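Engineer: Okay, so here is work_23.json, and as you'll see once you scroll down, it has JSON, C-alpha atoms.
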```json
[["chain", "number", "residue", "atom", "x", "y", "z"],
["A", 1, "MET", "CA", 68.33, 26.42, 6.43],
["A", 2, "SER", "CA", 65.93, 29.32, 6.19],
["A", 3, "ILE", "CA", 66.11, 32.00, 3.55],
["A", 4, "ILE", "CA", 66.91, 34.22, 6.55],
["A", 5, "GLN", "CA", 70.29, 32.77, 7.47],
["A", 6, "THR", "CA", 70.01, 33.69, 11.14],
["A", 7, "TYR", "CA", 67.58, 30.80, 11.48],
["A", 8, "SER", "CA", 69.06, 27.37, 10.88],
["A", 9, "GLU", "CA", 67.47, 25.10, 13.50],
["A", 10, "PRO", "CA", 64.56, 25.08, 15.96],
["A", 11, "ILE", "CA", 66.52, 26.71, 18.80],
["A", 12, "ASP", "CA", 66.91, 29.80, 16.61],
["A", 13, "ILE", "CA", 63.13, 30.05, 16.29],
["A", 14, "TYR", "CA", 62.77, 29.48, 20.04],
["A", 15, "VAL", "CA", 65.12, 32.43, 20.65],
["A", 16, "LYS", "CA", 62.99, 34.47, 18.24],
["A", 17, "LEU", "CA", 59.92, 33.40, 20.23],
["A", 18, "VAL", "CA", 61.53, 34.68, 23.44],
["A", 19, "ARG", "CA", 62.36, 38.00, 21.75],
["A", 20, "GLU", "CA", 58.78, 38.26, 20.47],
["A", 21, "GLY", "CA", 57.63, 37.57, 24.03],
["A", 22, "GLN", "CA", 59.90, 40.33, 25.34],
["A", 23, "ARG", "CA", 58.44, 42.80, 22.85],
["A", 24, "LEU", "CA", 54.92, 41.72, 23.77],
["A", 25, "TRP", "CA", 55.53, 41.97, 27.50],
["A", 26, "SER", "CA", 57.39, 45.28, 27.45],
["A", 27, "SER", "CA", 55.24, 47.16, 24.94],
["A", 28, "ASN", "CA", 53.12, 49.99, 26.32],
["A", 29, "CYS", "CA", 51.21, 50.77, 23.12],
["A", 30, "PRO", "CA", 47.99, 48.77, 22.59],
["A", 31, "ASP", "CA", 48.50, 48.55, 18.81],
["A", 32, "ASP", "CA", 52.11, 47.40, 19.19],
["A", 33, "LYS", "CA", 51.04, 44.95, 21.88],
["A", 34, "SER", "CA", 48.52, 43.43, 19.46],
["A", 35, "ASP", "CA", 51.19, 43.19, 16.75],
["A", 36, "HIS", "CA", 53.58, 41.48, 19.14],
["A", 37, "LEU", "CA", 50.91, 39.01, 20.32],
["A", 38, "PHE", "CA", 50.19, 38.10, 16.70],
["A", 39, "ASN", "CA", 53.93, 37.68, 15.98],
["A", 40, "PHE", "CA", 54.49, 35.65, 19.17],
["A", 41, "CYS", "CA", 51.69, 33.23, 18.28],
["A", 42, "VAL", "CA", 52.72, 32.89, 14.62],
["A", 43, "THR", "CA", 56.32, 32.25, 15.69],
["A", 44, "SER", "CA", 55.16, 29.59, 18.14],
["A", 45, "LEU", "CA", 53.15, 27.88, 15.42],
["A", 46, "SER", "CA", 56.10, 28.13, 13.03],
["A", 47, "LEU", "CA", 58.35, 26.52, 15.64],
["A", 48, "ARG", "CA", 56.17, 23.40, 15.45],
["A", 49, "ASP", "CA", 56.96, 23.08, 11.75],
["A", 50, "TRP", "CA", 60.67, 23.76, 12.31],
["A", 51, "CYS", "CA", 60.85, 20.94, 14.86],
["A", 52, "ILE", "CA", 59.08, 18.50, 12.55],
["A", 53, "LYS", "CA", 61.41, 19.36, 9.65],
["A", 54, "HIS", "CA", 64.56, 19.33, 11.83],
["A", 55, "LEU", "CA", 63.66, 15.95, 13.31],
["A", 56, "GLY", "CA", 62.80, 14.56, 9.86],
["A", 57, "LEU", "CA", 59.41, 13.37, 11.07],
["A", 58, "THR", "CA", 57.06, 11.86, 8.52],
["A", 59, "GLY", "CA", 53.91, 9.77, 8.55],
["A", 60, "ASN", "CA", 52.86, 8.52, 11.96],
["A", 61, "ASP", "CA", 55.81, 10.17, 13.74],
["A", 62, "ARG", "CA", 54.79, 13.53, 12.27],
["A", 63, "ASN", "CA", 51.19, 12.93, 13.35],
["A", 64, "LEU", "CA", 52.34, 12.04, 16.86],
["A", 65, "PHE", "CA", 54.29, 15.31, 17.05],
["A", 66, "PHE", "CA", 51.21, 17.22, 15.88],
["A", 67, "ASN", "CA", 49.22, 15.49, 18.63],
["A", 68, "VAL", "CA", 51.79, 16.35, 21.31],
["A", 69, "HIS", "CA", 51.71, 19.97, 20.14],
["A", 70, "SER", "CA", 47.93, 20.30, 19.82],
["A", 71, "SER", "CA", 47.20, 18.53, 23.10],
["A", 72, "ASP", "CA", 49.13, 21.21, 25.00],
["A", 73, "ARG", "CA", 46.61, 23.82, 26.13],
["A", 74, "TYR", "CA", 48.93, 26.82, 25.76],
["A", 75, "LEU", "CA", 50.47, 25.83, 22.44],
["A", 76, "LYS", "CA", 46.95, 25.25, 21.11],
["A", 77, "TYR", "CA", 45.96, 28.74, 22.31],
["A", 78, "CYS", "CA", 48.92, 30.10, 20.31],
["A", 79, "SER", "CA", 47.98, 28.10, 17.22],
["A", 80, "ASP", "CA", 44.37, 29.20, 17.42],
["A", 81, "ILE", "CA", 45.29, 32.87, 17.90],
["A", 82, "ALA", "CA", 47.75, 32.66, 14.99],
["A", 83, "ASN", "CA", 45.30, 30.94, 12.66],
["A", 84, "MET", "CA", 42.31, 33.11, 13.62],
["A", 85, "SER", "CA", 44.47, 36.20, 13.15],
["A", 86, "LYS", "CA", 45.86, 35.08, 9.79],
["A", 87, "HIS", "CA", 42.62, 33.67, 8.37],
["A", 88, "LEU", "CA", 39.93, 35.55, 10.37],
["A", 89, "THR", "CA", 38.53, 32.21, 11.55],
["A", 90, "LEU", "CA", 39.51, 28.59, 12.00],
["A", 91, "ASP", "CA", 39.04, 26.14, 9.14],
["A", 92, "ALA", "CA", 35.82, 24.11, 9.11],
["A", 93, "GLY", "CA", 35.97, 21.25, 11.57],
["A", 94, "ARG", "CA", 38.56, 22.90, 13.82],
["A", 95, "THR", "CA", 37.56, 24.05, 17.27],
["A", 96, "THR", "CA", 39.08, 26.36, 19.83],
["A", 97, "ASN", "CA", 38.83, 26.67, 23.58],
["A", 98, "ILE", "CA", 39.24, 30.43, 23.37],
["A", 99, "ALA", "CA", 36.00, 32.22, 24.30],
["A", 100, "SER", "CA", 37.60, 35.66, 24.07],
["A", 101, "LEU", "CA", 40.86, 37.54, 24.13],
["A", 102, "ASP", "CA", 40.27, 40.76, 26.02],
["A", 103, "ALA", "CA", 42.39, 43.88, 26.06],
["A", 104, "VAL", "CA", 42.94, 44.88, 29.70],
["A", 105, "GLN", "CA", 45.17, 47.12, 31.83],
["A", 106, "SER", "CA", 47.61, 45.35, 34.16],
["A", 107, "GLU", "CA", 49.63, 46.59, 37.10],
["A", 108, "VAL", "CA", 53.17, 45.23, 36.90],
["A", 109, "ALA", "CA", 56.42, 45.65, 38.77],
["A", 110, "ARG", "CA", 59.50, 46.02, 36.61],
["A", 111, "VAL", "CA", 62.49, 43.71, 37.04],
["A", 112, "LEU", "CA", 66.03, 44.48, 35.87],
["A", 113, "PRO", "CA", 68.34, 41.85, 34.32],
["A", 114, "ASP", "CA", 70.23, 41.52, 37.63],
["A", 115, "GLY", "CA", 66.97, 40.45, 39.31],
["A", 116, "VAL", "CA", 66.39, 43.73, 41.12],
["A", 117, "SER", "CA", 62.73, 44.66, 41.29],
["A", 118, "LEU", "CA", 62.04, 48.33, 40.81],
["A", 119, "SER", "CA", 59.80, 49.86, 43.44],
["A", 120, "ASP", "CA", 57.45, 51.49, 40.97],
["A", 121, "VAL", "CA", 54.42, 49.62, 39.74],
["A", 122, "ILE", "CA", 53.25, 50.65, 36.32],
["A", 123, "SER", "CA", 49.97, 50.24, 34.51],
["A", 124, "LYS", "CA", 50.26, 48.94, 30.99],
["A", 125, "PRO", "CA", 48.03, 47.45, 28.31],
["A", 126, "SER", "CA", 47.77, 43.68, 28.40],
["A", 127, "PHE", "CA", 45.56, 40.76, 27.42],
["A", 128, "CYS", "CA", 43.42, 38.29, 29.27],
["A", 129, "LEU", "CA", 42.53, 35.08, 27.48],
["A", 130, "VAL", "CA", 39.19, 33.59, 28.53],
["A", 131, "ASP", "CA", 38.76, 29.87, 27.98],
["A", 132, "ILE", "CA", 35.36, 28.39, 27.14],
["A", 133, "ASP", "CA", 35.43, 26.79, 30.61],
["A", 134, "GLY", "CA", 35.46, 30.31, 32.09],
["A", 135, "SER", "CA", 39.05, 30.20, 33.30],
["A", 136, "GLN", "CA", 41.18, 33.26, 32.63],
["A", 137, "VAL", "CA", 44.82, 33.35, 31.63],
["A", 138, "ASP", "CA", 46.70, 36.62, 32.02],
["A", 139, "LEU", "CA", 49.51, 37.59, 29.68],
["A", 140, "PHE", "CA", 52.31, 36.82, 32.16],
["A", 141, "TYR", "CA", 51.06, 33.28, 32.74],
["A", 142, "PHE", "CA", 50.36, 32.74, 29.03],
["A", 143, "LEU", "CA", 53.91, 33.72, 28.01],
["A", 144, "PHE", "CA", 55.47, 31.65, 30.78],
["A", 145, "GLN", "CA", 53.40, 28.56, 29.96],
["A", 146, "VAL", "CA", 53.98, 28.71, 26.18],
["A", 147, "LEU", "CA", 57.75, 28.92, 26.70],
["A", 148, "SER", "CA", 57.64, 26.16, 29.32],
["A", 149, "SER", "CA", 55.68, 23.95, 26.94],
["A", 150, "TRP", "CA", 58.27, 24.46, 24.22],
["A", 151, "GLU", "CA", 61.06, 23.64, 26.67],
["A", 152, "GLY", "CA", 59.26, 20.38, 27.43],
["A", 153, "ILE", "CA", 59.05, 19.51, 23.73],
["A", 154, "PHE", "CA", 62.73, 20.36, 23.20],
["A", 155, "LYS", "CA", 63.67, 18.04, 26.07],
["A", 156, "LYS", "CA", 61.32, 15.25, 24.98],
["A", 157, "TYR", "CA", 62.76, 15.24, 21.45],
["A", 158, "ASN", "CA", 66.37, 15.86, 22.54],
["A", 159, "LEU", "CA", 66.63, 19.18, 20.73],
["A", 160, "PRO", "CA", 69.19, 21.74, 21.96],
["A", 161, "TYR", "CA", 67.46, 23.98, 24.50],
["A", 162, "PHE", "CA", 68.09, 26.59, 27.17],
["A", 163, "ASP", "CA", 68.05, 26.18, 30.92],
["A", 164, "ASP", "CA", 64.60, 26.62, 32.42],
["A", 165, "HIS", "CA", 65.48, 30.10, 33.68],
["A", 166, "PHE", "CA", 65.96, 31.36, 30.11],
["A", 167, "LYS", "CA", 62.25, 32.05, 29.70],
["A", 168, "ALA", "CA", 62.47, 34.57, 32.55],
["A", 169, "ALA", "CA", 64.33, 36.86, 30.15],
["A", 170, "VAL", "CA", 60.95, 37.71, 28.63],
["A", 171, "PHE", "CA", 60.04, 39.69, 31.74],
["A", 172, "LEU", "CA", 63.33, 41.53, 32.29],
["A", 173, "GLU", "CA", 63.73, 45.18, 31.36],
["A", 174, "SER", "CA", 66.42, 45.93, 28.76],
["A", 175, "HIS", "CA", 67.75, 42.37, 28.54],
["A", 176, "ARG", "CA", 69.03, 41.10, 25.18],
["A", 177, "VAL", "CA", 68.47, 37.43, 24.36],
["A", 178, "TYR", "CA", 71.29, 35.55, 22.66],
["A", 179, "ARG", "CA", 71.56, 32.02, 21.35],
["A", 180, "THR", "CA", 73.66, 29.96, 23.78],
["A", 181, "PRO", "CA", 71.84, 26.62, 24.14],
["A", 182, "ASN", "CA", 72.69, 23.68, 26.33],
["A", 183, "LYS", "CA", 73.65, 20.67, 24.28]]
```
The structure given in the file should be rewritten as structure tokens.
Structural biologist:
Amino acid sequence: MSIIQTYSEPIDIYVKLVREGQRLWSSNCPDDKSDHLFNFCVTSLSLRDWCIKHLGLTGNDRNLFFNVHSSDRYLKYCSDIANMSKHLTLDAGRTTNIASLDAVQSEVARVLPDGVSLSDVISKPSFCLVDIDGSQVDLFYFLFQVLSSWEGIFKKYNLPYFDDHFKAAVFLESHRVYRTPNK
């Protein structure tokens, strides 16, 4: 159990990750957007530790979980962004595939919780992650992939999780995320 009693198991941190993703996606202020990206990535990295603790993994099993986590491209992006943001750089011997994280403007259509797309397209601050291989990952794809990766880990380790559509809540206007996992 966490000192913050709202969080008692990994699914609670996953729900927090979705809420952080909502804040990141919906924010229109560049400074707030940066704050939310930092929080999203730190929460994702924290979720790794919650899963390990919840599953009681030690020794080789713990190392295998670390390998599953770090071998996922998008979860590694999150870890690297979190660690480079917290510590200004990665520890000696650690490498990243992130060449840059660029602030950009994106044109997006808004979607309401009932699935209705609003006709207006708005311009809002965003991010584009550039990999060392030159590939670019926009914020929408990044958020979707990180949440999908976590869903895969929850399924692999038989942790309570949400239906695959749950991650779509990140992109819905004025939609509140609650904890109602599948068992």
Engineer: Output as JSON the centre and edge lengths (Å, one decimal) of the box along x, y and z of the file that holds every listed atom of region 53-70 of chain A after adding 3 Å on each side.
Structural biologist:
```
{"center_x": 56.2, "center_y": 14.4, "center_z": 14.9, "size_x": 22.6, "size_y": 17.8, "size_z": 18.8}
```
Engineer: Of the candidates A:Glu20, A:Glu151, A:Asp35, A:Glu107, which shows the shortest atom-to-atom distance to His69 (chain A), using all atoms listed in the file?
Structural biologist: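 Counting all atoms listed in the file, the residue closest to His69 (chain A) is A:Glu151.
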Engineer: Would you please work out which residue, of A:Lys167, A:Leu118, A:Ser126, A:Phe162, is nearest to Asp32 (chain A) when using all atoms listed in the file?
Structural biologist: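 Once distances to Asp32 (chain A) are computed over all atoms listed in the file, the minimum belongs to A:Ser126.
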Engineer: So the first atom is CA of Ser100 (chain A) and the second is CA of Leu172 (chain A); what is the distance between them in Å, to one decimal place?
Structural biologist: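 If I compute the distance from CA of Ser100 (chain A) to CA of Leu172 (chain A), I get 27.6 Å.
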Engineer: From the options A:Val15, A:Leu55, A:Leu75, A:Ala103, which residue's atoms come nearest to Pro30 (chain A), counting only C-alpha atoms?
Structural biologist: A:Ala103
Engineer: With only C-alpha atoms as the counted atoms, please give the residues lying no more than 10 Å from Cys51 (chain A), apart from itself and same-chain residues fewer than 6 positions off, as a list in words.
Structural biologist: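 Within the cut-off, the hits are Glu9, Pro10, Ile11, Ile13, Leu57, Arg62, Phe65, Ile153, Phe154, Tyr157 and Leu159 of chain A.
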Engineer: Can I get the selected residues back with C-alpha atoms, as a CSV table (one decimal), in the coordinates of the input?
Structural biologist:
```csv
chain,number,residue,atom,x,y,z
A,9,GLU,CA,67.5,25.1,13.5
A,10,PRO,CA,64.6,25.1,16.0
A,11,ILE,CA,66.5,26.7,18.8
A,13,ILE,CA,63.1,30.0,16.3
A,57,LEU,CA,59.4,13.4,11.1
A,62,ARG,CA,54.8,13.5,12.3
A,65,PHE,CA,54.3,15.3,17.0
A,153,ILE,CA,59.0,19.5,23.7
A,154,PHE,CA,62.7,20.4,23.2
A,157,TYR,CA,62.8,15.2,21.4
A,159,LEU,CA,66.6,19.2,20.7
```
Engineer: Quick one: residues within 12 Å of region 24-29 of chain A, all atoms listed in the file counted, chain neighbours fewer than 3 positions away excluded, as JSON, numbers by chain?
Structural biologist: {"A": [17, 18, 19, 20, 21, 32, 33, 34, 35, 36, 37, 38, 39, 40, 41, 103, 104, 105, 106, 107, 108, 109, 110, 111, 122, 123, 124, 125, 126, 127, 138, 139, 140, 141, 142, 143, 144, 168, 169, 170, 171, 172, 173, 174, 175]}
Engineer: Which residues come within 9 Å of Ile98 (chain A), counting all atoms listed in the file, excluding same-chain residues fewer than 5 positions away, as a list of chain:residue names?
Structural biologist: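 My reading of the contact set: A:Tyr77, A:Asp80, A:Ile81, A:Leu129, A:Val130, A:Asp131, A:Ile132, A:Asp133.
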Engineer: Tell me, in Å to one decimal, how far CA of Gln145 (chain A) is from CA of Tyr74 (chain A).
Structural biologist: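 We find that CA of Gln145 (chain A) and CA of Tyr74 (chain A) lie 6.4 Å from each other.
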Engineer: Between CA of Ser8 (chain A) and CA of Asp72 (chain A), measure the distance and give it in Å to one decimal.
Structural biologist: 25.2 Å
Engineer: My list of candidates is A:Phe166, A:Tyr161, A:Trp150, A:Tyr7. Which is closest to Arg73 (chain A) when distances are computed with all atoms listed in the file?
Structural biologist: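 Answer, going by the shortest atom-to-atom distance: A:Trp150.
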Engineer: Of the residues A:Val42, A:Ser119, A:Phe66, A:Asp61, which is the one nearest to Met84 (chain A), using all atoms listed in the file?
Structural biologist: A:Val42
Engineer: Of the candidates A:Gly134, A:Gln22, A:Ser79, A:Ser71, which one gets nearest to Asp49 (chain A) if we count all atoms listed in the file?
Structural biologist: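 Once distances to Asp49 (chain A) are computed over all atoms listed in the file, the minimum belongs to A:Ser79.
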Engineer: For region 146-171 of chain A, which lacks atoms in the input, supply N, CA, C and O atoms and format the output as a PDB file, in the frame of the given file.
Structural biologist:
```
ATOM      1  N   VAL A 146      53.621  29.043  27.565  1.00  0.00           N
ATOM      2  CA  VAL A 146      53.980  28.710  26.180  1.00  0.00           C
ATOM      3  C   VAL A 146      55.472  28.352  26.121  1.00  0.00           C
ATOM      4  O   VAL A 146      55.852  27.330  25.534  1.00  0.00           O
ATOM      5  N   LEU A 147      56.310  29.186  26.723  1.00  0.00           N
ATOM      6  CA  LEU A 147      57.750  28.920  26.700  1.00  0.00           C
ATOM      7  C   LEU A 147      58.098  27.646  27.461  1.00  0.00           C
ATOM      8  O   LEU A 147      58.957  26.865  27.027  1.00  0.00           O
ATOM      9  N   SER A 148      57.427  27.400  28.567  1.00  0.00           N
ATOM     10  CA  SER A 148      57.640  26.160  29.320  1.00  0.00           C
ATOM     11  C   SER A 148      57.240  24.942  28.500  1.00  0.00           C
ATOM     12  O   SER A 148      57.917  23.911  28.513  1.00  0.00           O
ATOM     13  N   SER A 149      56.132  25.059  27.783  1.00  0.00           N
ATOM     14  CA  SER A 149      55.680  23.950  26.940  1.00  0.00           C
ATOM     15  C   SER A 149      56.704  23.641  25.856  1.00  0.00           C
ATOM     16  O   SER A 149      56.998  22.466  25.572  1.00  0.00           O
ATOM     17  N   TRP A 150      57.251  24.683  25.245  1.00  0.00           N
ATOM     18  CA  TRP A 150      58.270  24.460  24.220  1.00  0.00           C
ATOM     19  C   TRP A 150      59.520  23.838  24.825  1.00  0.00           C
ATOM     20  O   TRP A 150      60.137  22.955  24.217  1.00  0.00           O
ATOM     21  N   GLU A 151      59.901  24.266  26.021  1.00  0.00           N
ATOM     22  CA  GLU A 151      61.060  23.640  26.670  1.00  0.00           C
ATOM     23  C   GLU A 151      60.815  22.147  26.861  1.00  0.00           C
ATOM     24  O   GLU A 151      61.716  21.336  26.645  1.00  0.00           O
ATOM     25  N   GLY A 152      59.601  21.789  27.252  1.00  0.00           N
ATOM     26  CA  GLY A 152      59.260  20.380  27.430  1.00  0.00           C
ATOM     27  C   GLY A 152      59.390  19.591  26.128  1.00  0.00           C
ATOM     28  O   GLY A 152      59.898  18.465  26.111  1.00  0.00           O
ATOM     29  N   ILE A 153      58.938  20.179  25.028  1.00  0.00           N
ATOM     30  CA  ILE A 153      59.050  19.510  23.730  1.00  0.00           C
ATOM     31  C   ILE A 153      60.516  19.382  23.327  1.00  0.00           C
ATOM     32  O   ILE A 153      60.950  18.330  22.848  1.00  0.00           O
ATOM     33  N   PHE A 154      61.302  20.436  23.540  1.00  0.00           N
ATOM     34  CA  PHE A 154      62.730  20.360  23.200  1.00  0.00           C
ATOM     35  C   PHE A 154      63.404  19.243  23.978  1.00  0.00           C
ATOM     36  O   PHE A 154      64.218  18.491  23.428  1.00  0.00           O
ATOM     37  N   LYS A 155      63.076  19.115  25.245  1.00  0.00           N
ATOM     38  CA  LYS A 155      63.670  18.040  26.070  1.00  0.00           C
ATOM     39  C   LYS A 155      63.189  16.671  25.606  1.00  0.00           C
ATOM     40  O   LYS A 155      63.985  15.742  25.471  1.00  0.00           O
ATOM     41  N   LYS A 156      61.901  16.541  25.379  1.00  0.00           N
ATOM     42  CA  LYS A 156      61.320  15.250  24.980  1.00  0.00           C
ATOM     43  C   LYS A 156      61.953  14.734  23.688  1.00  0.00           C
ATOM     44  O   LYS A 156      62.191  13.536  23.546  1.00  0.00           O
ATOM     45  N   TYR A 157      62.212  15.627  22.755  1.00  0.00           N
ATOM     46  CA  TYR A 157      62.760  15.240  21.450  1.00  0.00           C
ATOM     47  C   TYR A 157      64.266  15.443  21.351  1.00  0.00           C
ATOM     48  O   TYR A 157      64.828  15.368  20.253  1.00  0.00           O
ATOM     49  N   ASN A 158      64.915  15.694  22.489  1.00  0.00           N
ATOM     50  CA  ASN A 158      66.370  15.860  22.540  1.00  0.00           C
ATOM     51  C   ASN A 158      66.892  16.923  21.588  1.00  0.00           C
ATOM     52  O   ASN A 158      67.935  16.746  20.944  1.00  0.00           O
ATOM     53  N   LEU A 159      66.181  18.022  21.495  1.00  0.00           N
ATOM     54  CA  LEU A 159      66.630  19.180  20.730  1.00  0.00           C
ATOM     55  C   LEU A 159      67.440  20.088  21.637  1.00  0.00           C
ATOM     56  O   LEU A 159      67.162  20.164  22.843  1.00  0.00           O
ATOM     57  N   PRO A 160      68.448  20.786  21.118  1.00  0.00           N
ATOM     58  CA  PRO A 160      69.190  21.740  21.960  1.00  0.00           C
ATOM     59  C   PRO A 160      68.216  22.759  22.544  1.00  0.00           C
ATOM     60  O   PRO A 160      67.323  23.242  21.845  1.00  0.00           O
ATOM     61  N   TYR A 161      68.372  23.055  23.831  1.00  0.00           N
ATOM     62  CA  TYR A 161      67.460  23.980  24.500  1.00  0.00           C
ATOM     63  C   TYR A 161      68.222  24.798  25.530  1.00  0.00           C
ATOM     64  O   TYR A 161      69.400  24.570  25.785  1.00  0.00           O
ATOM     65  N   PHE A 162      67.514  25.729  26.138  1.00  0.00           N
ATOM     66  CA  PHE A 162      68.090  26.590  27.170  1.00  0.00           C
ATOM     67  C   PHE A 162      67.673  26.101  28.543  1.00  0.00           C
ATOM     68  O   PHE A 162      66.650  25.433  28.686  1.00  0.00           O
ATOM     69  N   ASP A 163      68.449  26.476  29.544  1.00  0.00           N
ATOM     70  CA  ASP A 163      68.050  26.180  30.920  1.00  0.00           C
ATOM     71  C   ASP A 163      66.676  26.770  31.173  1.00  0.00           C
ATOM     72  O   ASP A 163      66.277  27.750  30.553  1.00  0.00           O
ATOM     73  N   ASP A 164      65.964  26.186  32.123  1.00  0.00           N
ATOM     74  CA  ASP A 164      64.600  26.620  32.420  1.00  0.00           C
ATOM     75  C   ASP A 164      64.502  28.098  32.746  1.00  0.00           C
ATOM     76  O   ASP A 164      63.485  28.718  32.481  1.00  0.00           O
ATOM     77  N   HIS A 165      65.543  28.684  33.308  1.00  0.00           N
ATOM     78  CA  HIS A 165      65.480  30.100  33.680  1.00  0.00           C
ATOM     79  C   HIS A 165      65.501  31.029  32.467  1.00  0.00           C
ATOM     80  O   HIS A 165      65.193  32.197  32.581  1.00  0.00           O
ATOM     81  N   PHE A 166      65.851  30.512  31.300  1.00  0.00           N
ATOM     82  CA  PHE A 166      65.960  31.360  30.110  1.00  0.00           C
ATOM     83  C   PHE A 166      64.660  32.094  29.813  1.00  0.00           C
ATOM     84  O   PHE A 166      64.670  33.263  29.437  1.00  0.00           O
ATOM     85  N   LYS A 167      63.533  31.428  30.012  1.00  0.00           N
ATOM     86  CA  LYS A 167      62.250  32.050  29.700  1.00  0.00           C
ATOM     87  C   LYS A 167      61.992  33.289  30.549  1.00  0.00           C
ATOM     88  O   LYS A 167      61.228  34.163  30.156  1.00  0.00           O
ATOM     89  N   ALA A 168      62.640  33.394  31.694  1.00  0.00           N
ATOM     90  CA  ALA A 168      62.470  34.570  32.550  1.00  0.00           C
ATOM     91  C   ALA A 168      62.957  35.841  31.868  1.00  0.00           C
ATOM     92  O   ALA A 168      62.519  36.940  32.208  1.00  0.00           O
ATOM     93  N   ALA A 169      63.819  35.698  30.868  1.00  0.00           N
ATOM     94  CA  ALA A 169      64.330  36.860  30.150  1.00  0.00           C
ATOM     95  C   ALA A 169      63.207  37.670  29.508  1.00  0.00           C
ATOM     96  O   ALA A 169      63.346  38.878  29.302  1.00  0.00           O
ATOM     97  N   VAL A 170      62.094  37.023  29.227  1.00  0.00           N
ATOM     98  CA  VAL A 170      60.950  37.710  28.630  1.00  0.00           C
ATOM     99  C   VAL A 170      60.490  38.878  29.506  1.00  0.00           C
ATOM    100  O   VAL A 170      60.056  39.908  29.005  1.00  0.00           O
ATOM    101  N   PHE A 171      60.610  38.727  30.806  1.00  0.00           N
ATOM    102  CA  PHE A 171      60.040  39.690  31.740  1.00  0.00           C
ATOM    103  C   PHE A 171      61.049  40.698  32.286  1.00  0.00           C
ATOM    104  O   PHE A 171      60.703  41.525  33.122  1.00  0.00           O
TER     105      PHE A 171
END
```
